[in-house]
Each structure stands twice: as C-alpha cells, then as structure tokens.
Amino acid sequence: MSSLKSSMSSQKKNKNRAAKARGVSTGSQQRAFLIILSLSGLLVIYTVYDYLTPAIMGFIIAGAFYPLLNLLMRKTGLSRKVSSMILSVFILLVITLPFIYIITQLAKEVFGIYNFIQGEGGSDFIGNILFGDHAFAGGLKSTLGYFGIEFTPVEVEKWINASLKSGLVLALDSLNALLSNLLQFLFSLLLMQILIYAIFLEGPSLKVYFLKLFPLKDEHEERIIDTVNKMNFATLVFNGIGGVIQGGLAGIGFWIAGFESLTLWTTTMIVLAFIPLVGISVISVPASLYLFFQGQTTAAIILFIYCTVVSLVTENWFKPLFMGKHVSMNSFLMFFSIIGGMSAFGIIGIFYGPLIIAVFLTITDIYFKYLDEKLPT
C-alpha cells in the first residue's frame with residue numbers, strides 16, 4: 001500500500017516538473033481549464049436557450065415520475081426501454097388530452113354563442129339583460145341617462161352589431177397568431193417528451209455523470225437530487241390534487257346553479273387551478289356575472305362566494321400545508337415561494353419558485369453541518 005502511494009506521489013511530482021519545464025504551473029493549468037469549461041458551458045446554454053423552458057420542464061417531470069418508472073419495472077418485469085416508452089406516452093396523454101378536449105369544446109361553445117346572439121334568442125336574451133325588469137337594467141338606464149347617452153333597443157342593436165364585427169376581426173387575428181405559434185408549441189412539446197424519455201432511459205448513467213461533475217461529496221449530491229425530485233413530485237401531484245378539488249367543487253356549484261356543459265367547465269377549472277390566486281376565478285367570476293345579468297342576484301352572489309372560498313382554502317391551506325409537509329418546508333414559505341416564482345418567471349414559476357427555495361435550504365443545511373464538523377466547539 002505504501003509503495004502504491006509513493007508511486008502515485010512520484011507520478012504527480014513528475015507531472016508538476018514537466019509543467020514547470022514548459023513554463024506553465026499547475027495552478028495556471030487549472031485556471032485555464034476552468035475558464036475553458038465555463039465558456040463551453042455558456043455556449044451550451046446559449047445553444048439551447050430558446051428551448052430552455054421545455055428542457056427544464058422535461059427534467060422536472062422526469063424527476064417527479066422517476067420513482068414511478070422504477071415501480072413499473074419492478075412490478076411488471078419490463079425492460080427499462082419499454083417501461084420508459086410506456087411512461088413517456090402516459091405523460092404525453094396526461095398533458096395533451098385535457099387541452100385538446102378544452103380547445104375543441106370551447107370552439108363549439110363560442111360558435112354556438114355566436115349563432116345564438118345572431119338569432120332571435122340572442123336578441124331576447126340581450127334585451128332581457130339590458131331592458132328587463134331588474135335592478136341592473138334600471139341602474140344602467142339611470143346611469144346612462146344621467147350622462148345624456150341615448151339608451152334604446154335600436155341604438156344598442158347598432159352597438160352590438162359593430163362590436164360583433166370587431167370581435168370577429170379580433171378572433172380571426174387571435175386565431176392566426178395561435179396557428180403561427182402552434183408549430184413552435186408542438187416542437188417544444190416534442191423536445192420535452194424526447195428529453196423525458198432520454199432521462200428515463202439513461203437515468204443511471206446521467207446520475208453518475210452529474211455526481212462526477214460537481215465537486216461535492218456523493219452523499220450531499222444525492223441529498224440535493226433527492227430534494228429536487230421530491231419537490232417536483234410534490235408540486236405536480238399536490239397542484240394536480242388541488243386542481244381536482246377546486247374544479248370538482250366549483251363544478252358542483254355550477255351544477256346547482258343550473259349551468260350546462262358541466263364537463264367542459266369543470267375540466268377547464270381543474271386546469272386553471274394550477275395558477276395560484278387567479279385559478280378558477282377566470283370561469284367563476286364571468287359565470288356569476290351571467291347569473292347577475294339574468295336577474296338571479298342571490299344565485300350569483302352565492303356562487304361567487306362559494307367558488308372564492310373553495311379557491312382560497314385550497315390555495316392558502318391545502319397546497320402549502322401538504323406540499324410543505326412532503327418536503328419539510330414551512331407552509332407560509334411554500335406559499336410565498338410559489339407567488340415569488342410566478343412573479344419572477346411567469347406561470348412556469350409555480351415549479352421554479354419552490355424548487356429554488358428547496359435547493360437553497362438543502363445547500364445551506366449541508367453547509368451548516370460542514371461548519372459544525374470543521375470548526376471546534
């Protein structure tokens with residue numbers, strides 16, 4: 001053993017002497033290597049910058065579902081390749097099917113509403129809202145009369161027709177913009193799915209590579225990776241459960257209020273519930289206004305209060321509490337990490353915010369333990 005150590009020591013000295021003979025110190029070599037490594041890393045980031053978000057989301061989703069991959073292989077005995085393919089397809093369907101359903105159904109609803117407004121039923125409906133025997137119609141007439149604005153069915157019909165034409169032009173422009181961005185979205189989705197499959201397939205070798213890449217102890221790096229995966233899992237799962245709770249309970253309220261197309265509105269609210277604070281209010285507030293304009297004031301107020309309470313309880317109690325318990329983070333800190341993440345990164349900050357805070361807390365805990373070991377008591 002001693003002879004092996006002396007041999008390694010002599011090899012190191014020979015390398016240092018050779019470097020000095022060339023006029024380059026070992027420290028200079030290390031600094032040059034770090035500069036080259038940093039530049040190459042920046043070039044890699046620049047190369048993939050336009051697709052950095054789908055790449056990061058691919059890592060987040062793959063990390064969250066990685067335990068499920070191991071469970072699938074263990075329970076079924078399938079190979080890693082087959083299991084990775086099955087789970088990747090499952091994730092793709094979970095992501096795309098709700099959006100496809102919502103978009104197609106919303107298109108039908110918009111087309112139906114347009115035909116309804118253009119027909120006699122639409123005229124009666126609008127006439128009831130604006131000129132019916134209820135508080136809103138009376139207040140609107142008094143307010144416009146105070147400012148000297150003529151408020152008659154003929155004038156309103158002219159205004160509605162002009163608005164419909166403008167709305168159609170806006171809808172066509174939005175449709176063109178949507179179609180122009182559709183290929184970009186599909187390409188990003190494809191890249192994310194390829195990355196998820198690659199991580200599932202090459203997971204063990206990727207993990208070994210990253211453990212070698214960073215100059216930390218393997219146990220510390222394992223802990224950071226475990227924290228990242230737990231946080232990603234908690235964010236996806238508990239946001240999903242929270243969305244089902246909010247959308248499901250709000251859907252019950254819509255059913256009691258007498259709305260049709262319950263499956264569409266419930267599914268839409270489940271998806272929108274991923275967005276903190278705003279969430280289901282995108283649907284529930286217009287629905288409450290609709291009831292109010294129909295003269296159903298009590299039903300409108302009850303539906304608004306009910307959906308607001310459901311949203312507030314889920315966002316401020318359920319999600320922060322259970323996500324925080326799963327990753328050992330204070331529920332208030334979890335809540336502000338989600339809000340701060342959205343403020344800094346947009347909607348994707350729902351995942352980034354908690355992840356950044358969780359990694360920071362893990363690294364600081366490792367650092368404190370390191371100080372306790374090194375510093376005398």
# chains A, B, ... in the order shown; residues from 1 in each chain; ligands from 1

call {"tool": "select_by_dssp", "arguments": {"residues": "region 225-289 of chain A", "states": "helix (DSSP H, G or I)", "output": "PyMOL selection string"}}
result
chain A and resi 225-257+262-272+281-289

call {"tool": "closest_residue", "arguments": {"among": "A:Gly41, A:Gly341, A:Gly346, A:Gly58", "to": "Ala198 (chain A)", "atoms": "only C-alpha atoms"}}
result
A:Gly58

call {"tool": "residues_around", "arguments": {"residues": "Phe238 (chain A)", "least_positions_apart": "3", "cutoff": "12 Å", "atoms": "only C-alpha atoms", "output": "PyMOL selection string"}}
result
chain A and resi 64+230-235+241-246+273-274+314-315+317-327+350-351

call {"tool": "residues_around", "arguments": {"residues": "Lys207 (chain A)", "least_positions_apart": "2", "cutoff": "12 Å", "atoms": "only C-alpha atoms", "output": "VMD selection string"}}
result
chain A and resid 63 199 to 205 209 to 214 218 221 to 222 224 to 226

call {"tool": "write_last_selection", "arguments": {"atoms": "N, CA, C and O atoms", "output": "compact mmCIF listing (two decimals), in the first residue's frame"}}
result
# COMPACT_ATOMS: atom_id res chain seq x y z
N GLY A 63 -37.96 13.83 -13.33
CA GLY A 63 -37.55 13.60 -11.95
C GLY A 63 -38.71 13.25 -11.04
O GLY A 63 -38.60 12.40 -10.16
N ILE A 199 -34.18 10.76 -20.30
CA ILE A 199 -33.83 10.72 -18.86
C ILE A 199 -34.28 9.40 -18.25
O ILE A 199 -33.55 8.79 -17.45
N PHE A 200 -35.48 8.94 -18.60
CA PHE A 200 -35.94 7.64 -18.12
C PHE A 200 -34.99 6.52 -18.56
O PHE A 200 -34.62 5.65 -17.78
N LEU A 201 -34.58 6.58 -19.83
CA LEU A 201 -33.77 5.50 -20.41
C LEU A 201 -32.33 5.53 -19.89
O LEU A 201 -31.75 4.48 -19.59
N GLU A 202 -31.76 6.73 -19.79
CA GLU A 202 -30.35 6.86 -19.41
C GLU A 202 -30.20 7.40 -17.99
O GLU A 202 -29.14 7.95 -17.66
N GLY A 203 -31.22 7.25 -17.17
CA GLY A 203 -31.19 7.81 -15.83
C GLY A 203 -29.97 7.45 -15.00
O GLY A 203 -29.29 8.34 -14.46
N PRO A 204 -29.63 6.17 -14.85
CA PRO A 204 -28.48 5.80 -14.01
C PRO A 204 -27.17 6.42 -14.48
O PRO A 204 -26.40 6.94 -13.66
N SER A 205 -26.91 6.38 -15.79
CA SER A 205 -25.65 6.94 -16.29
C SER A 205 -25.63 8.46 -16.17
O SER A 205 -24.58 9.06 -15.88
N TYR A 209 -22.93 10.76 -14.07
CA TYR A 209 -22.24 11.89 -14.73
C TYR A 209 -22.35 13.15 -13.88
O TYR A 209 -21.35 13.86 -13.67
N PHE A 210 -23.55 13.45 -13.40
CA PHE A 210 -23.74 14.66 -12.60
C PHE A 210 -23.04 14.56 -11.25
O PHE A 210 -22.54 15.56 -10.73
N LEU A 211 -22.98 13.37 -10.69
CA LEU A 211 -22.27 13.20 -9.43
C LEU A 211 -20.78 13.46 -9.60
O LEU A 211 -20.11 13.99 -8.70
N LYS A 212 -20.23 13.10 -10.75
CA LYS A 212 -18.82 13.35 -11.03
C LYS A 212 -18.57 14.82 -11.38
O LYS A 212 -17.49 15.35 -11.13
N LEU A 213 -19.59 15.48 -11.98
CA LEU A 213 -19.41 16.84 -12.48
C LEU A 213 -19.21 17.85 -11.37
O LEU A 213 -18.38 18.75 -11.48
N PHE A 214 -19.95 17.71 -10.27
CA PHE A 214 -19.89 18.71 -9.21
C PHE A 214 -18.96 18.24 -8.09
O PHE A 214 -19.02 17.08 -7.66
N ASP A 218 -20.55 12.70 -2.54
CA ASP A 218 -21.65 11.98 -3.18
C ASP A 218 -22.91 12.01 -2.33
O ASP A 218 -24.02 12.14 -2.84
N GLU A 221 -24.60 15.40 -2.81
CA GLU A 221 -25.22 15.48 -4.13
C GLU A 221 -26.46 14.59 -4.22
O GLU A 221 -27.47 14.99 -4.82
N GLU A 222 -26.39 13.42 -3.59
CA GLU A 222 -27.56 12.54 -3.55
C GLU A 222 -28.71 13.22 -2.82
O GLU A 222 -29.87 13.12 -3.24
N ILE A 224 -29.26 16.50 -2.55
CA ILE A 224 -29.78 17.58 -3.39
C ILE A 224 -30.69 17.01 -4.48
O ILE A 224 -31.79 17.52 -4.72
N ILE A 225 -30.24 15.94 -5.13
CA ILE A 225 -31.05 15.30 -6.18
C ILE A 225 -32.36 14.79 -5.59
O ILE A 225 -33.44 14.94 -6.19
N ASP A 226 -32.29 14.19 -4.41
CA ASP A 226 -33.50 13.67 -3.76
C ASP A 226 -34.46 14.80 -3.42
O ASP A 226 -35.68 14.67 -3.60

call {"tool": "closest_residue", "arguments": {"among": "A:Thr53, A:Ser84, A:Val285, A:Tyr66", "to": "Phe185 (chain A)", "atoms": "only C-alpha atoms"}}
result
A:Thr53

call {"tool": "residues_around", "arguments": {"residues": "Met192 (chain A)", "least_positions_apart": "2", "cutoff": "8 Å", "atoms": "only C-alpha atoms", "output": "number ranges by chain"}}
result
A: 54-55, 57-58, 188-190, 194-196

call {"tool": "residues_around", "arguments": {"residues": "Leu106 (chain A)", "least_positions_apart": "6", "cutoff": "12 Å", "atoms": "only C-alpha atoms", "output": "list in words"}}
result
Pro98, Phe99, Ile100, Gly112, Ile113, Ser261, Thr263, Leu264, Trp265, Thr267 and Thr268 of chain A

call {"tool": "closest_residue", "arguments": {"among": "A:Ile356, A:Ile270, A:Leu303, A:Leu68", "to": "Pro286 (chain A)", "atoms": "only C-alpha atoms"}}
result
A:Leu303

call {"tool": "atom_distance", "arguments": {"atom1": "CA of Asp50 (chain A)", "atom2": "CA of Ala62 (chain A)"}}
result
20.2 Å

call {"tool": "residues_around", "arguments": {"residues": "Gly340 (chain A)", "least_positions_apart": "4", "cutoff": "12 Å", "atoms": "only C-alpha atoms", "output": "PyMOL selection string"}}
result
chain A and resi 276+333-336+344-357

call {"tool": "atom_distance", "arguments": {"atom1": "CA of Val282 (chain A)", "atom2": "CA of Val309 (chain A)"}}
result
14.7 Å

call {"tool": "atom_distance", "arguments": {"atom1": "CA of Leu97 (chain A)", "atom2": "CA of Met342 (chain A)"}}
result
24.9 Å
